[in-house]
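S.K.: The structure's right below; bear with me while I get my questions together.
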Amino acid sequence: MSNDRAADDQTTADHALAELVMAWGRGRAVSRITAPPVPVPGGFEVAVGPPSTEVRQVFHTCTAESLAAAAERHSEPGRQIMIAGPAALLREAVPASWTMDEAGHLMTAGFAPTAYRVPDGYRLAIETEGALTVARAFHRNGDLAASARLGRSGEFGVFDKVVTAPAHRRRGLGLTLMRALSGHAAALGMTWGLLVGTDEGRALYEHLGWTRVSDFPGARSERA
């Protein structure tokens with residue numbers, strides 16, 4: 001990828017970057033229970049999802065000029081732009097009044113039957129309804145300790161909202177949920193996982209065998 005273009009011809013495994021970005025958008029919409037993303041030139045537009053009512057445009061193919069034009073067309077407060085590409089490209093293209101969120105990485109991994117152990121004192125529940133699968137870990141006292149969501153888009157499963165309650169962190173629950181959902185996805189016929197992780201989360205996912213595909217920065221309009 002060049003410094004001035006988020007190219008759509010990069011591949012990871014058997015998939016072009018454009019295909020991965022579009023699949024991530026569809027699967028995330030399943031997870032957030034929003035309308036499916038609407039294709040736009042170079043990407044898609046989608047509702048961010050409850051509780052937010054904001055709208056985001058996501059681009060797998062763009063130039064500084066096309067991003068600047070998108071920011072001009074969609075300057076209402078709370079409008080967002082994300083790209084599969086360098087943060088510097090996005091920062092230079094949007095107005096100075098926009099707020100950057102540079103900590104994002106698009107990652108992928110192949111699904112396969114996966115062994116995992118539920119930590120002592122917890123139980124795991126996995127439920128699938130339509131294209132959405134939700135995994136939850138409960139403490140023996142009944143508290144919801146951790147949860148994760150997986151939205152399906154064809155052969156892809158998109159991980160979303162992997163959350164551990166503060167009182168239950170550092171006990172391996174995040175690893176357990178990721179492994180459990182990966183094996184469940186394989187059993188349902190999905191072959192590839194996708195997620196967007198933070199800098200902190202990237203280390204966890206790489207430990208689980210995930211591969212970074214692209215930086216995935218975002219920016220938000222703050223105009224009054």
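Residues in the structure tokens are numbered from 1 in each chain, the chains being A, B, ... in the order shown, and ligands are numbered from 1 in the order shown.
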A:Thr114: which residues within 12 Å, counting only C-alpha atoms, same-chain residues fewer than 2 positions away excluded, as a ChimeraX atom specification?
M.R.: /A:110-112,116-117,175-187,208-209
S.K.: Would you list, as a PyMOL selection string, the residues of stretch 162-213 of chain A that end up in strand (DSSP E) under DSSP run on this structure's backbone?
M.R.: chain A and resi 162-164+192-197+211-213
S.K.: Which of these residues is nearest to A:Val30, using only C-alpha atoms: A:Ser66, A:Thr53, A:Thr128, A:Ser153?
M.R.: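 Selected residue with least distance to A:Val30: A:Ser153.
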S.K.: Please provide the set of residues having any atom within 10 Å of stretch 139-141 of chain A, restricted to only C-alpha atoms, with same-chain residues fewer than 5 positions apart removed, written as a PyMOL selection string.
M.R.: chain A and resi 119-124+146+168
S.K.: Can you tell me how far atom CA of A:Thr191 sits from atom CA of A:Cys62, in Å to one decimal?
M.R.: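 That distance, rounded to one decimal, is 28.1 Å.
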S.K.: As a list in words, please: the residues near A:Arg73 (cut-off 12 Å, only C-alpha atoms, same-chain neighbours under 6 positions excluded).
M.R.: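 Using only C-alpha atoms, the neighbours found are Gln57, Ser66, Leu67, Arg79, Gln80, Ile81, Val94, Pro95 and Ser221 of chain A.
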